[in-house]
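To start, the structure under review is shown below, and the notes come after it.
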Amino acid sequence: MKQTEFLNVVLPFQDKLYRLAKRLLVSREEAEDATQEILLKLWSKNESMSEYKNVEAFAMTMTKNFCLDRLKSKQAGNLKLVHSNYSDDNISLQKQLEAEDSVSWMERIMEELPEQQKMILQLRDVEQYEFDEICELLDMKPTAVRVALSRARKTVREELIKKHNYGIG
């Protein structure tokens, strides 16, 4: 596979790889490094890439495994928490602060979820993957994926209700 063919195959889902890596590693820098590493590994397999029936699923699985390995490694203790902020001139400062607060709370709640629930919630609700794709990516049965997603959503909902009913504390 030539470079242009490789780029045509990989570029459409490169952002998904980054978002999954960021969800697992939290740090923007670590996620960028992980994404680069996965792209290099994919390029090293470019000769055999046509053998994979779903390159995107293969790449997402590689990303998941790479990130989990990073978290388990000794370097995981050195990972730093970096939150990226966004801005939009069309909304008021109050609305921007509320939106940032909500995003920050969602990130904190998702970080507390078990790894499997965190990945399933990310893949389904953020990346918009279908259930069968998630089952294939995570090598899980559909029922197990649905149960884990339901539990993750319930936890997030309960934590948000707690936060809004009782305030921060």
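FYI, nothing fancy with the structure tokens labels: chains A, B, ... in order, residues from 1 per chain, ligands from 1 as they appear.
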
Contacts of region 7-9 of chain A within 12 Å, only C-alpha atoms, excl. fewer than 2 positions in-chain, as an mmCIF file with N, CA, C and O atoms, in the first residue's frame:
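The resulting result25.cif:
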data_model
loop_
_atom_site.group_PDB
_atom_site.id
_atom_site.type_symbol
_atom_site.label_atom_id
_atom_site.label_comp_id
_atom_site.auth_asym_id
_atom_site.auth_seq_id
_atom_site.Cartn_x
_atom_site.Cartn_y
_atom_site.Cartn_z
ATOM 1 N N MET A 1 0.841 -1.172 0.000
ATOM 2 C CA MET A 1 0.000 0.000 0.000
ATOM 3 C C MET A 1 0.887 1.237 0.000
ATOM 4 O O MET A 1 1.787 1.355 0.810
ATOM 5 N N LYS A 2 0.597 2.140 -0.906
ATOM 6 C CA LYS A 2 1.376 3.381 -1.002
ATOM 7 C C LYS A 2 0.900 4.379 0.050
ATOM 8 O O LYS A 2 -0.167 4.232 0.630
ATOM 9 N N GLN A 3 1.713 5.410 0.239
ATOM 10 C CA GLN A 3 1.428 6.400 1.274
ATOM 11 C C GLN A 3 0.065 7.069 1.073
ATOM 12 O O GLN A 3 -0.682 7.245 2.026
ATOM 13 N N THR A 4 -0.265 7.444 -0.154
ATOM 14 C CA THR A 4 -1.544 8.120 -0.390
ATOM 15 C C THR A 4 -2.723 7.198 -0.081
ATOM 16 O O THR A 4 -3.711 7.641 0.509
ATOM 17 N N GLU A 5 -2.620 5.922 -0.464
ATOM 18 C CA GLU A 5 -3.680 4.962 -0.142
ATOM 19 C C GLU A 5 -3.817 4.816 1.372
ATOM 20 O O GLU A 5 -4.926 4.796 1.907
ATOM 21 N N LEU A 11 -6.786 8.475 7.609
ATOM 22 C CA LEU A 11 -7.174 9.833 8.013
ATOM 23 C C LEU A 11 -8.633 9.977 8.452
ATOM 24 O O LEU A 11 -8.905 10.716 9.398
ATOM 25 N N PRO A 12 -9.591 9.289 7.813
ATOM 26 C CA PRO A 12 -10.982 9.465 8.245
ATOM 27 C C PRO A 12 -11.255 9.094 9.706
ATOM 28 O O PRO A 12 -12.147 9.649 10.318
ATOM 29 N N PHE A 13 -10.487 8.174 10.278
ATOM 30 C CA PHE A 13 -10.749 7.795 11.669
ATOM 31 C C PHE A 13 -9.628 8.186 12.628
ATOM 32 O O PHE A 13 -9.649 7.809 13.799
ATOM 33 N N GLN A 14 -8.685 8.984 12.181
ATOM 34 C CA GLN A 14 -7.573 9.403 13.033
ATOM 35 C C GLN A 14 -8.070 10.163 14.278
ATOM 36 O O GLN A 14 -7.574 9.956 15.374
ATOM 37 N N LEU A 39 -0.402 5.213 14.651
ATOM 38 C CA LEU A 39 -0.255 5.471 13.212
ATOM 39 C C LEU A 39 1.044 4.873 12.682
ATOM 40 O O LEU A 39 1.066 4.309 11.582
ATOM 41 N N LEU A 40 2.111 4.976 13.467
ATOM 42 C CA LEU A 40 3.386 4.364 13.058
ATOM 43 C C LEU A 40 3.265 2.841 12.976
ATOM 44 O O LEU A 40 3.767 2.223 12.035
ATOM 45 N N LEU A 42 0.528 1.171 12.441
ATOM 46 C CA LEU A 42 -0.303 0.874 11.272
ATOM 47 C C LEU A 42 0.522 0.966 9.989
ATOM 48 O O LEU A 42 0.395 0.130 9.097
ATOM 49 N N TRP A 43 1.348 2.004 9.910
ATOM 50 C CA TRP A 43 2.187 2.176 8.708
ATOM 51 C C TRP A 43 3.144 0.998 8.550
ATOM 52 O O TRP A 43 3.389 0.528 7.448
ATOM 53 N N ASN A 46 1.446 -1.687 6.759
ATOM 54 C CA ASN A 46 0.721 -1.259 5.555
ATOM 55 C C ASN A 46 0.710 -2.302 4.444
ATOM 56 O O ASN A 46 -0.219 -2.350 3.651
ATOM 57 N N MET A 49 -2.165 -4.615 5.378
ATOM 58 C CA MET A 49 -3.399 -3.956 5.797
ATOM 59 C C MET A 49 -4.626 -4.401 5.000
ATOM 60 O O MET A 49 -5.725 -4.448 5.533
ATOM 61 N N SER A 50 -4.448 -4.758 3.767
ATOM 62 C CA SER A 50 -5.593 -5.179 2.947
ATOM 63 C C SER A 50 -6.203 -6.492 3.457
ATOM 64 O O SER A 50 -7.334 -6.827 3.113
ATOM 65 N N TYR A 52 -7.021 -7.049 6.554
ATOM 66 C CA TYR A 52 -7.981 -6.746 7.618
ATOM 67 C C TYR A 52 -9.298 -6.316 6.997
ATOM 68 O O TYR A 52 -9.332 -5.448 6.132
ATOM 69 N N ASN A 54 -11.726 -4.774 8.591
ATOM 70 C CA ASN A 54 -12.109 -3.467 9.111
ATOM 71 C C ASN A 54 -10.886 -2.818 9.759
ATOM 72 O O ASN A 54 -10.583 -3.074 10.923
ATOM 73 N N VAL A 55 -10.199 -1.991 9.001
ATOM 74 C CA VAL A 55 -8.959 -1.358 9.474
ATOM 75 C C VAL A 55 -9.251 -0.439 10.650
ATOM 76 O O VAL A 55 -8.479 -0.374 11.609
ATOM 77 N N GLU A 56 -10.384 0.255 10.607
ATOM 78 C CA GLU A 56 -10.733 1.165 11.697
ATOM 79 C C GLU A 56 -10.898 0.397 13.014
ATOM 80 O O GLU A 56 -10.373 0.809 14.051
ATOM 81 N N ALA A 59 -7.540 -0.610 14.245
ATOM 82 C CA ALA A 59 -6.813 0.536 14.800
ATOM 83 C C ALA A 59 -7.366 0.942 16.167
ATOM 84 O O ALA A 59 -6.597 1.276 17.078
#

Query - Exercise: Ile120 (chain A) partners within 8 Å, only C-alpha atoms, chain neighbours under 5 positions left out, as number ranges by chain - result: A: 134, 145, 148-149

Requested in this report: Using only C-alpha atoms, determine which residues lie at most 10 Å from Asp33 (chain A), disregarding the query and same-chain residues fewer than 5 positions distant; provide the list as a ChimeraX atom specification.
Outcome: /A:18,21,27-28,38-39

Requested in this report: Just the helix (DSSP H, G or I) stuff from chain A, please, per backbone DSSP, written as a ChimeraX atom specification.
Outcome: /A:3-25,28-44,49-51,55-72,74-78,93-112,115-126,131-138,142-166

List as a PDB file with all heavy atoms, in the first residue's frame the protein and nucleic acid residues near Glu127 (chain A), meaning an atom at most 9 Å away when only C-alpha atoms are counted, but skip any in the same chain fewer than 6 places from it.
ATOM      1  N   LYS A  16     -10.893   9.780  15.812  1.00  0.00           N
ATOM      2  CA  LYS A  16     -11.512   8.819  16.735  1.00  0.00           C
ATOM      3  C   LYS A  16     -10.435   8.144  17.584  1.00  0.00           C
ATOM      4  O   LYS A  16     -10.632   7.910  18.774  1.00  0.00           O
ATOM      5  CB  LYS A  16     -12.313   7.763  15.982  1.00  0.00           C
ATOM      6  CG  LYS A  16     -13.606   8.279  15.413  1.00  0.00           C
ATOM      7  CD  LYS A  16     -14.362   7.157  14.727  1.00  0.00           C
ATOM      8  CE  LYS A  16     -15.631   7.670  14.104  1.00  0.00           C
ATOM      9  NZ  LYS A  16     -16.380   6.574  13.457  1.00  0.00           N
ATOM     10  N   ARG A  19      -9.444  10.659  20.224  1.00  0.00           N
ATOM     11  CA  ARG A  19     -10.445  10.846  21.271  1.00  0.00           C
ATOM     12  C   ARG A  19     -10.489   9.649  22.224  1.00  0.00           C
ATOM     13  O   ARG A  19     -10.626   9.825  23.435  1.00  0.00           O
ATOM     14  CB  ARG A  19     -11.820  11.118  20.666  1.00  0.00           C
ATOM     15  CG  ARG A  19     -11.939  12.523  20.075  1.00  0.00           C
ATOM     16  CD  ARG A  19     -13.366  12.880  19.719  1.00  0.00           C
ATOM     17  NE  ARG A  19     -13.967  11.990  18.744  1.00  0.00           N
ATOM     18  CZ  ARG A  19     -13.933  12.168  17.430  1.00  0.00           C
ATOM     19  NH1 ARG A  19     -13.321  13.213  16.924  1.00  0.00           N
ATOM     20  NH2 ARG A  19     -14.524  11.318  16.620  1.00  0.00           N
ATOM     21  N   LEU A  20     -10.356   8.454  21.694  1.00  0.00           N
ATOM     22  CA  LEU A  20     -10.324   7.271  22.562  1.00  0.00           C
ATOM     23  C   LEU A  20      -9.086   7.311  23.449  1.00  0.00           C
ATOM     24  O   LEU A  20      -9.162   7.073  24.660  1.00  0.00           O
ATOM     25  CB  LEU A  20     -10.346   5.980  21.738  1.00  0.00           C
ATOM     26  CG  LEU A  20     -10.273   4.686  22.550  1.00  0.00           C
ATOM     27  CD1 LEU A  20     -11.469   4.557  23.494  1.00  0.00           C
ATOM     28  CD2 LEU A  20     -10.207   3.481  21.624  1.00  0.00           C
ATOM     29  N   LEU A 121     -18.949   3.570  27.003  1.00  0.00           N
ATOM     30  CA  LEU A 121     -19.640   4.860  26.976  1.00  0.00           C
ATOM     31  C   LEU A 121     -19.000   5.788  25.944  1.00  0.00           C
ATOM     32  O   LEU A 121     -19.700   6.454  25.179  1.00  0.00           O
ATOM     33  CB  LEU A 121     -19.610   5.493  28.370  1.00  0.00           C
ATOM     34  CG  LEU A 121     -20.513   6.696  28.597  1.00  0.00           C
ATOM     35  CD1 LEU A 121     -21.979   6.307  28.446  1.00  0.00           C
ATOM     36  CD2 LEU A 121     -20.281   7.274  29.979  1.00  0.00           C
TER      37      LEU A 121
END

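CA of Leu17 (chain A) lies 20.9 Å from CA of Glu47 (chain A).
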
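Nearest to Val10 (chain A) of all the residues A:Lys41, A:Lys118, A:Lys72, A:Arg153 is A:Lys41, counting only C-alpha atoms.
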
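With only C-alpha atoms as the basis for measurement, A:Arg151 is the residue among A:Leu25, A:Arg151, A:Asn165, A:Ser48 that approaches Leu113 (chain A) most closely.
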